[in-house]
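Structure, as structure tokens:
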Amino acid sequence: MIKLESTWLDLRNIDDLATQKTFIHSLNSCTKLITTLVFVVLVTSFSKYEVTSVLPLLFYPVTLMALGNLPYKPIVKRLILIAPFIVFIGLFNPVFDQTPIAKLGPFLITGGWLSFLSITIKLLLTVTSALILVATTGMNSICTALSQIGVPKPIVIQILFMYRYLHVLLEEFLKTNQAYTLRSFKANGIHYKAWGSLLGQLLLRTMDRAHRIYQAMLCRGFDGKVPLRSAASWTKKDHLYLLFCLSFFLLCRFINIPQTLGTLLTGGFQ
Amino acid sequence: MSHHTIDLTNVLYTYPDGTTALRNLSLHIGHGEAIAIVGSNGSGKTTLLSHLNGVLFPTAGEVNIGGYPVVKETLPHIRRTVGMVFQNPDDQLFMPTVYDDVAFGPLNLGYPPLEVEKRVTSALKTVGAYALKDRPPYRLSGGQKRAVAIATVLAMDPAILVMDEPTAALDPLARRQLITLLHTFSHTKIIATHDLDMVLDLCKRTIVLHNGTILADGPTLEIFRDRCILEQAGLEQPFSMQSCPICSKI
Ligand SMILES: Nc1ncnc2c1ncn2[C@@H]1O[C@H](COP(=O)(O)OP(=O)(O)O)[C@@H](O)[C@H]1O
Ligand SMILES: [Mg+2]
């Protein structure tokens with residue numbers, strides 16, 4: 001029971017993939033961070049009915065996964081886990097937006113369905129690219145890169161610590177939950193009356209732990225600054241990668257590739 | 001190096017919730033001694049150790065380390081002198097990699113990068129954890145975590161080493177390795193533990209705590225022979241001193 005629940009919130013087994021040595025892994029972490037950020041912004045900037053023109057962008061995660069030697073399973077598993085959220089976000093579009101867009105045989109395609117599809121694709125793309133960033137760079141290097149591109153240090157430290165202790169807190173929660181279940185003799189979850197005291201427990205334990213960690217930091221001379229290692233420098237590889245990715249993104253953004261290809265092809269046959 | 005003595009005079013400590021954990025405790029620890037603080041759960045061991053580097057301040061009484069009173073103003077100096085290994089290594093290892101964690105202290109002390117590297121390397125080698133330097137601490141086994149936690153403290157080169165239940169939750173092999181390691185330190189050592197066999201191995205002097213007071217203080221062997229004291233403190237003679245249940249020889 002503990003295993004299942006502690007793996008999905010946990011990015012650790014994805015983080016583990018970051019120790020590989022492929023071309024993508026060898027790139028500077030800033031390069032990958034910037035590319036991913038641009039990708040995410042770009043994907044979200046498409047208008048809400050856009051479906052076909054977003055599709056070529058799928059090329060980016062697929063290529064990265066191949067070049068970075070990433071297994072599909074852990075990434076797909078996480079996508080499945082967030083699928084309900086995606087569906088929930090787009091769920092009411094088909095209901096509220098009945099604008100007819102096209103007719104496909106007997107079926108009328110409404111704007112709602114198109115935007116639902118569009119949202120789904122966009123979310124899948126952005127989440128996948130974020131997961132790929134973690135799997136090819138690792139949380140620690142991402143944080144170093146964040147502080148290098150100008151994100152304030154306190155925020156970066158927050159992220160690092162959150163990542164470090166998420167697992168510990170999760171474990172604490174699971175232990176509390178298990179202790180409850182073992183003595184409650186009912187298999188169907190936590191009784192609503194017990195939630196309050198269980199959460200209270202968890203809060204107290206968390207605060208206790210935070211206090212102990214803080215004390216341990218003080219004992220080692222902590223004065224508000226957490227030293228971070230600086231990342232490696234940029235190389236030619238990074239410039240080329242960045243240039244290539246950005247031009248591909250811009251191409252996808254401003255030219256509807258499938259449509260253009262289609263016109264070219266059909267035009268060519270006439 | 002100056003003589004790092006520890007003096008507690010009439011220390012009383014009451015937790016904010018009203019629990020009195022230390023009652024008028026006085027003791028003197030000399031330079032270079034290896035001391036065990038034993039006592040049952042809740043006898044006040046952790047509370048006592050927490051006073052040695054200013055994690056807690058006495059409600060009444062005074063703590064002196066190497067001639068300096070432990071007060072807010074002397075904390076930077078005290079914390080450089082007294083290295084504390086916490087009971088739970090997870091509380092102590094918070095940086096992304098083992099290397100960063102060990103470097104945290106020396107960097108905060110303001111050493112130049114080369115010196116930091118030297119210290120980290122030497123501390124990690126001392127505890128036999130150099131090969132782990134790029135691993136994230138949460139991925140280590142209990143024994144490895146403990147070793148790294150000790151390295152984080154050694155890298156700051158303290159004169160006094162304070163450890164809270166270092167062998168708790170270690171398997172026999174890791175425990176043996178830790179004891180061997182501790183043998184090699186010439187620091188003043190203060191170890192809180194229930195592991196009386198380890199005490200027998202490492203510490204000449206033992207202080208028995210009970211209910212926040214000192215029940216006995218003296219040579220380890222003498223104290224461990226006195227079953228009456230041990231029983232009163234809720235402890236048991238170490239296995240190596242009990243007669244063999246099969247052949248009834250010692
Ligand atoms: N944070 C706290 N708040 C209140 N009481 C505490 C706290 N920590 C410990 N105590 C109490 O102080 C006493 C001594 O505890 P402690 O020093 O942790 O003992 P030991 O380390 O020997 O097991 C116990 O009675 C314990 O319940
Ligand atoms: Mg304790």
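Note on naming: chains are A, B, ... as they come in the structure tokens, residues start from 1 per chain, ligands start from 1 in the order shown.
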
Residues within 10 Å of Leu215 (chain B), please, as a PDB file with N, CA, C and O atoms, in the first residue's frame. Count only C-alpha atoms; anything in the same chain fewer than 2 positions from it doesn't count.
```pdb
ATOM      1  N   GLY B  39      20.655   6.006  30.013  1.00  0.00           N
ATOM      2  CA  GLY B  39      19.411   6.210  30.730  1.00  0.00           C
ATOM      3  C   GLY B  39      18.274   5.725  29.876  1.00  0.00           C
ATOM      4  O   GLY B  39      18.414   5.608  28.658  1.00  0.00           O
ATOM      5  N   ILE B 207      27.831   8.272  32.708  1.00  0.00           N
ATOM      6  CA  ILE B 207      26.916   9.039  33.546  1.00  0.00           C
ATOM      7  C   ILE B 207      25.528   8.440  33.363  1.00  0.00           C
ATOM      8  O   ILE B 207      25.058   8.287  32.237  1.00  0.00           O
ATOM      9  N   VAL B 208      24.925   8.065  34.471  1.00  0.00           N
ATOM     10  CA  VAL B 208      23.595   7.466  34.383  1.00  0.00           C
ATOM     11  C   VAL B 208      22.547   8.527  34.705  1.00  0.00           C
ATOM     12  O   VAL B 208      22.566   9.127  35.769  1.00  0.00           O
ATOM     13  N   LEU B 209      21.658   8.740  33.758  1.00  0.00           N
ATOM     14  CA  LEU B 209      20.592   9.727  33.971  1.00  0.00           C
ATOM     15  C   LEU B 209      19.300   9.010  34.331  1.00  0.00           C
ATOM     16  O   LEU B 209      18.999   7.933  33.817  1.00  0.00           O
ATOM     17  N   HIS B 210      18.550   9.626  35.208  1.00  0.00           N
ATOM     18  CA  HIS B 210      17.238   9.088  35.514  1.00  0.00           C
ATOM     19  C   HIS B 210      16.333  10.242  35.896  1.00  0.00           C
ATOM     20  O   HIS B 210      16.668  11.003  36.812  1.00  0.00           O
ATOM     21  N   ASN B 211      15.245  10.383  35.143  1.00  0.00           N
ATOM     22  CA  ASN B 211      14.306  11.435  35.482  1.00  0.00           C
ATOM     23  C   ASN B 211      14.926  12.826  35.552  1.00  0.00           C
ATOM     24  O   ASN B 211      14.556  13.628  36.385  1.00  0.00           O
ATOM     25  N   GLY B 212      15.910  13.060  34.728  1.00  0.00           N
ATOM     26  CA  GLY B 212      16.504  14.390  34.692  1.00  0.00           C
ATOM     27  C   GLY B 212      17.526  14.667  35.777  1.00  0.00           C
ATOM     28  O   GLY B 212      17.940  15.806  35.950  1.00  0.00           O
ATOM     29  N   THR B 213      17.916  13.628  36.510  1.00  0.00           N
ATOM     30  CA  THR B 213      18.991  13.834  37.478  1.00  0.00           C
ATOM     31  C   THR B 213      20.082  12.799  37.236  1.00  0.00           C
ATOM     32  O   THR B 213      19.843  11.774  36.600  1.00  0.00           O
ATOM     33  N   ASP B 217      27.757   8.485  38.424  1.00  0.00           N
ATOM     34  CA  ASP B 217      28.753   9.059  37.525  1.00  0.00           C
ATOM     35  C   ASP B 217      30.094   8.472  37.934  1.00  0.00           C
ATOM     36  O   ASP B 217      30.529   8.645  39.069  1.00  0.00           O
ATOM     37  N   ILE B 229      21.991   0.036  40.560  1.00  0.00           N
ATOM     38  CA  ILE B 229      21.884   1.329  39.875  1.00  0.00           C
ATOM     39  C   ILE B 229      21.232   1.157  38.514  1.00  0.00           C
ATOM     40  O   ILE B 229      20.312   1.878  38.135  1.00  0.00           O
ATOM     41  N   LEU B 230      21.698   0.144  37.783  1.00  0.00           N
ATOM     42  CA  LEU B 230      21.168  -0.071  36.442  1.00  0.00           C
ATOM     43  C   LEU B 230      19.665  -0.322  36.486  1.00  0.00           C
ATOM     44  O   LEU B 230      18.898   0.208  35.696  1.00  0.00           O
ATOM     45  N   GLN B 232      17.576   0.600  38.744  1.00  0.00           N
ATOM     46  CA  GLN B 232      16.899   1.838  39.121  1.00  0.00           C
ATOM     47  C   GLN B 232      16.745   2.761  37.915  1.00  0.00           C
ATOM     48  O   GLN B 232      15.753   3.466  37.783  1.00  0.00           O
ATOM     49  N   ALA B 233      17.756   2.728  37.032  1.00  0.00           N
ATOM     50  CA  ALA B 233      17.722   3.604  35.859  1.00  0.00           C
ATOM     51  C   ALA B 233      16.944   2.981  34.713  1.00  0.00           C
ATOM     52  O   ALA B 233      16.816   3.559  33.649  1.00  0.00           O
TER      53      ALA B 233
END
```

Check every residue of chain A for an atom within 7 Å of chain B, counting only C-alpha atoms, and provide those that qualify as a ChimeraX atom specification.
/A:140,164,212-213,215-216,219-222,227

Only N, CA, C and O atoms, please: the residues just picked out, written as an mmCIF file, in the first residue's frame.
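Output (again_39.cif):
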```cif
data_model
loop_
_atom_site.group_PDB
_atom_site.id
_atom_site.type_symbol
_atom_site.label_atom_id
_atom_site.label_comp_id
_atom_site.auth_asym_id
_atom_site.auth_seq_id
_atom_site.Cartn_x
_atom_site.Cartn_y
_atom_site.Cartn_z
ATOM 1 N N ASN A 140 18.266 18.759 -8.860
ATOM 2 C CA ASN A 140 19.302 19.633 -8.302
ATOM 3 C C ASN A 140 19.854 20.582 -9.348
ATOM 4 O O ASN A 140 19.982 21.777 -9.099
ATOM 5 N N ARG A 164 13.275 17.736 -1.273
ATOM 6 C CA ARG A 164 13.998 16.864 -0.343
ATOM 7 C C ARG A 164 13.058 16.252 0.685
ATOM 8 O O ARG A 164 13.174 15.094 1.035
ATOM 9 N N ARG A 212 13.579 20.618 14.009
ATOM 10 C CA ARG A 212 14.827 19.880 14.197
ATOM 11 C C ARG A 212 15.803 20.123 13.049
ATOM 12 O O ARG A 212 17.002 20.273 13.259
ATOM 13 N N ILE A 213 15.258 20.171 11.827
ATOM 14 C CA ILE A 213 16.136 20.418 10.681
ATOM 15 C C ILE A 213 16.762 21.797 10.812
ATOM 16 O O ILE A 213 17.962 21.984 10.586
ATOM 17 N N GLN A 215 17.324 23.444 13.511
ATOM 18 C CA GLN A 215 18.356 23.402 14.559
ATOM 19 C C GLN A 215 19.646 22.785 14.013
ATOM 20 O O GLN A 215 20.739 23.280 14.279
ATOM 21 N N ALA A 216 19.484 21.706 13.244
ATOM 22 C CA ALA A 216 20.667 21.051 12.692
ATOM 23 C C ALA A 216 21.406 22.005 11.760
ATOM 24 O O ALA A 216 22.639 22.019 11.705
ATOM 25 N N CYS A 219 23.303 24.515 13.810
ATOM 26 C CA CYS A 219 24.502 23.920 14.393
ATOM 27 C C CYS A 219 25.654 23.905 13.410
ATOM 28 O O CYS A 219 26.796 23.763 13.800
ATOM 29 N N ARG A 220 25.338 24.012 12.142
ATOM 30 C CA ARG A 220 26.425 24.010 11.171
ATOM 31 C C ARG A 220 26.627 25.398 10.580
ATOM 32 O O ARG A 220 27.034 25.562 9.437
ATOM 33 N N GLY A 221 26.305 26.387 11.383
ATOM 34 C CA GLY A 221 26.659 27.750 11.014
ATOM 35 C C GLY A 221 25.713 28.410 10.025
ATOM 36 O O GLY A 221 26.069 29.399 9.396
ATOM 37 N N PHE A 222 24.498 27.893 9.871
ATOM 38 C CA PHE A 222 23.532 28.462 8.935
ATOM 39 C C PHE A 222 23.212 29.911 9.302
ATOM 40 O O PHE A 222 22.925 30.211 10.461
ATOM 41 N N PRO A 227 24.502 27.569 0.375
ATOM 42 C CA PRO A 227 25.401 27.569 -0.769
ATOM 43 C C PRO A 227 24.953 26.571 -1.830
ATOM 44 O O PRO A 227 24.643 25.436 -1.513
#
```

Hey, which of B:Met163, B:Leu52, B:Leu173, B:Val71 ends up closest to ligand 2? Count only C-alpha atoms and all ligand atoms.
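Residue with the minimum atom-to-atom distance to ligand 2: B:Met163.
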
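Selecting all polymer residues at most 10 Å from ligand 2, using only C-alpha atoms and all ligand atoms, gives Gly39, Ser40, Asn41, Gly42, Ser43, Gly44, Lys45, Thr46, Thr47, Leu48, Leu49, Ser50, Phe86, Gln87, Asn88, Asp164, Glu165, Ala192, Thr193 and His194 of chain B.
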
Using only C-alpha atoms and all ligand atoms, pick whichever of B:Leu22, B:Ile214, B:Leu202, B:Leu12 has the shortest atom-to-atom distance to ligand 1.
B:Leu22

Give me, as a Markdown table, the closest atom pair and its distance (Å, one decimal) for every residue of chain A within a cut-off of 12 Å of ligand 1, counting only C-alpha atoms and all ligand atoms, rows sorted by chain and rising number.
```
| residue | atom | partner | partner_atom_place_in_ligand_line | distance |
| --- | --- | --- | --- | --- |
| A:Leu204 | CA | ligand 1 | 1 (N) | 10.8 |
| A:Arg205 | CA | ligand 1 | 1 (N) | 10.9 |
| A:Met207 | CA | ligand 1 | 1 (N) | 10.9 |
| A:Asp208 | CA | ligand 1 | 1 (N) | 7.9 |
| A:Arg209 | CA | ligand 1 | 1 (N) | 10.8 |
| A:His211 | CA | ligand 1 | 1 (N) | 10.0 |
| A:Arg212 | CA | ligand 1 | 1 (N) | 10.0 |
```

Take the residues that were just selected and, keeping N, CA and C atoms, output them as an mmCIF file, in the first residue's frame.
```
data_model
loop_
_atom_site.group_PDB
_atom_site.id
_atom_site.type_symbol
_atom_site.label_atom_id
_atom_site.label_comp_id
_atom_site.auth_asym_id
_atom_site.auth_seq_id
_atom_site.Cartn_x
_atom_site.Cartn_y
_atom_site.Cartn_z
ATOM 1 N N LEU A 204 1.624 18.743 13.524
ATOM 2 C CA LEU A 204 2.551 18.837 14.653
ATOM 3 C C LEU A 204 3.857 18.134 14.336
ATOM 4 N N ARG A 205 3.746 16.940 13.749
ATOM 5 C CA ARG A 205 4.956 16.196 13.419
ATOM 6 C C ARG A 205 5.808 16.959 12.420
ATOM 7 N N MET A 207 5.871 20.171 11.946
ATOM 8 C CA MET A 207 6.490 21.327 12.572
ATOM 9 C C MET A 207 7.684 20.909 13.420
ATOM 10 N N ASP A 208 7.519 19.802 14.110
ATOM 11 C CA ASP A 208 8.614 19.266 14.922
ATOM 12 C C ASP A 208 9.831 18.991 14.059
ATOM 13 N N ARG A 209 9.555 18.356 12.947
ATOM 14 C CA ARG A 209 10.659 17.984 12.075
ATOM 15 C C ARG A 209 11.329 19.231 11.503
ATOM 16 N N HIS A 211 11.493 22.048 12.773
ATOM 17 C CA HIS A 211 12.262 22.665 13.849
ATOM 18 C C HIS A 211 13.602 21.952 14.033
ATOM 19 N N ARG A 212 13.579 20.618 14.009
ATOM 20 C CA ARG A 212 14.827 19.880 14.197
ATOM 21 C C ARG A 212 15.803 20.123 13.049
#
```

One number please: CA of Cys245 (chain A) to CA of Leu125 (chain A), in Å, one decimal.
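Computed distance, CA of Cys245 (chain A) to CA of Leu125 (chain A), equals 15.0 Å.
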
Run DSSP on the backbone and grab whatever in region 71-241 of chain B lands in strand (DSSP E or B); send it over as a list in words.
Val82, Gly83, Met84, Val85, Ile160, Leu161, Val162, Met163, Asp164, Thr188, Lys189, Ile190, Ile191, Ala192, Thr193, Arg205, Thr206, Ile207, Val208, Leu209, His210, Thr213, Ile214, Leu215, Ala216, Asp217, Gly218 and Pro219 of chain B

Test item: residues at most 12 Å from Trp195 (chain A), only C-alpha atoms, excluding those fewer than 4 positions along its chain, as an MDAnalysis selection string
chainID A and resid 173 176:177 180 189:191 199:202

Selection from above, N, CA and C atoms, as a PDB file, in the first residue's frame, can you write it?
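The new file selection_3.pdb reads:
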```
ATOM      1  N   PHE A 173       2.904  10.876   6.607  1.00  0.00           N
ATOM      2  CA  PHE A 173       1.462  10.798   6.425  1.00  0.00           C
ATOM      3  C   PHE A 173       1.026   9.342   6.308  1.00  0.00           C
ATOM      4  N   THR A 176       1.075   7.604   9.655  1.00  0.00           N
ATOM      5  CA  THR A 176      -0.079   7.992  10.463  1.00  0.00           C
ATOM      6  C   THR A 176      -1.322   7.263   9.977  1.00  0.00           C
ATOM      7  N   ASN A 177      -1.478   7.276   8.672  1.00  0.00           N
ATOM      8  CA  ASN A 177      -2.634   6.636   8.061  1.00  0.00           C
ATOM      9  C   ASN A 177      -2.651   5.140   8.364  1.00  0.00           C
ATOM     10  N   TYR A 180      -3.559   4.362  11.858  1.00  0.00           N
ATOM     11  CA  TYR A 180      -5.004   4.504  12.034  1.00  0.00           C
ATOM     12  C   TYR A 180      -5.740   3.281  11.506  1.00  0.00           C
ATOM     13  N   GLY A 189     -11.369   3.523   4.378  1.00  0.00           N
ATOM     14  CA  GLY A 189     -10.823   4.864   4.545  1.00  0.00           C
ATOM     15  C   GLY A 189     -10.940   5.416   5.953  1.00  0.00           C
ATOM     16  N   ILE A 190     -10.617   6.682   6.051  1.00  0.00           N
ATOM     17  CA  ILE A 190     -10.579   7.320   7.361  1.00  0.00           C
ATOM     18  C   ILE A 190     -11.935   7.942   7.669  1.00  0.00           C
ATOM     19  N   HIS A 191     -12.440   7.637   8.828  1.00  0.00           N
ATOM     20  CA  HIS A 191     -13.718   8.182   9.241  1.00  0.00           C
ATOM     21  C   HIS A 191     -13.636   9.701   9.307  1.00  0.00           C
ATOM     22  N   LEU A 199      -4.927  14.999  10.825  1.00  0.00           N
ATOM     23  CA  LEU A 199      -4.234  16.108  10.167  1.00  0.00           C
ATOM     24  C   LEU A 199      -3.491  16.951  11.195  1.00  0.00           C
ATOM     25  N   GLY A 200      -4.111  17.109  12.363  1.00  0.00           N
ATOM     26  CA  GLY A 200      -3.451  17.852  13.438  1.00  0.00           C
ATOM     27  C   GLY A 200      -2.133  17.205  13.809  1.00  0.00           C
ATOM     28  N   GLN A 201      -2.195  15.878  13.966  1.00  0.00           N
ATOM     29  CA  GLN A 201      -0.993  15.093  14.243  1.00  0.00           C
ATOM     30  C   GLN A 201       0.087  15.354  13.217  1.00  0.00           C
ATOM     31  N   LEU A 202      -0.357  15.282  11.962  1.00  0.00           N
ATOM     32  CA  LEU A 202       0.589  15.431  10.865  1.00  0.00           C
ATOM     33  C   LEU A 202       1.226  16.820  10.911  1.00  0.00           C
TER      34      LEU A 202
END
```

Every residue of region 111-250 of chain B that DSSP places in helix (DSSP H, G or I), as an MDAnalysis selection string
chainID B and resid 113:126 130:132 137:139 142:154 172:183 196:202 220:225 227:232 239:241

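Residue neighbourhood of Thr35 (chain A), excluding near-sequence residues (fewer than 5 positions): Ser29, Cys30, Val40, Ser129, Leu133, Tyr241, Leu242, Leu243, Cys245, Leu246 and Phe249 of chain A, at 10 Å, using only C-alpha atoms.
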
Got time to write the residues from that selection, C-alpha atoms, as an mmCIF file, in the first residue's frame?
```cif
data_model
loop_
_atom_site.group_PDB
_atom_site.id
_atom_site.type_symbol
_atom_site.label_atom_id
_atom_site.label_comp_id
_atom_site.auth_asym_id
_atom_site.auth_seq_id
_atom_site.Cartn_x
_atom_site.Cartn_y
_atom_site.Cartn_z
ATOM 1 C CA SER A 29 21.096 22.528 -17.462
ATOM 2 C CA CYS A 30 20.306 26.169 -18.279
ATOM 3 C CA VAL A 40 5.671 25.554 -22.438
ATOM 4 C CA SER A 129 8.228 18.277 -21.462
ATOM 5 C CA LEU A 133 13.403 18.036 -18.157
ATOM 6 C CA TYR A 241 20.797 22.874 -29.495
ATOM 7 C CA LEU A 242 19.142 26.091 -28.384
ATOM 8 C CA LEU A 243 19.224 27.539 -31.875
ATOM 9 C CA CYS A 245 14.992 23.963 -30.850
ATOM 10 C CA LEU A 246 13.958 27.607 -30.894
ATOM 11 C CA PHE A 249 9.342 26.011 -32.111
#
```

Hey, can you check how far CA of Lys189 (chain B) sits from CA of Lys118 (chain B)?
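Computing the Euclidean distance for CA of Lys189 (chain B) and CA of Lys118 (chain B) yields 23.7 Å.
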
For the interface of region 145-252 of chain A with region 10-15 of chain A (cut-off 10 Å, counting only C-alpha atoms), please tabulate each contacting residue of region 145-252 of chain A alongside its nearest pair of atoms and their separation in Å to one decimal, rows sorted by chain and increasing number, as a tab-separated table.
```
residue	atom	partner	partner_atom	distance
A:Tyr163	CA	A:Leu11	CA	8.5
A:Arg164	CA	A:Arg12	CA	9.9
A:Leu166	CA	A:Asp10	CA	7.7
A:His167	CA	A:Asp10	CA	6.7
A:Leu170	CA	A:Asp10	CA	9.0
```

Would you pick out the contacts of region 30-32 of chain B at 6 Å or less, using only C-alpha atoms, so that residues sharing its chain but fewer than 5 positions from it are not included, and give the list as a compact mmCIF listing (two decimals) with N, CA, C and O atoms, in the first residue's frame?
```txt
# COMPACT_ATOMS: atom_id res chain seq x y z
N HIS B 3 42.07 23.95 26.18
CA HIS B 3 41.44 22.78 26.75
C HIS B 3 39.93 22.89 26.73
O HIS B 3 39.36 23.85 27.21
N HIS B 4 39.31 21.91 26.10
CA HIS B 4 37.87 21.99 25.94
C HIS B 4 37.16 21.21 27.01
O HIS B 4 36.86 20.03 26.84
N THR B 5 36.91 21.90 28.08
CA THR B 5 36.20 21.27 29.17
C THR B 5 34.73 21.65 29.08
O THR B 5 34.37 22.64 28.44
N HIS B 187 38.89 13.14 19.65
CA HIS B 187 38.08 14.23 20.20
C HIS B 187 37.57 13.88 21.59
O HIS B 187 37.52 12.72 21.97
N THR B 188 37.16 14.90 22.31
CA THR B 188 36.32 14.67 23.48
C THR B 188 35.00 14.14 22.93
O THR B 188 34.42 14.73 22.04
```
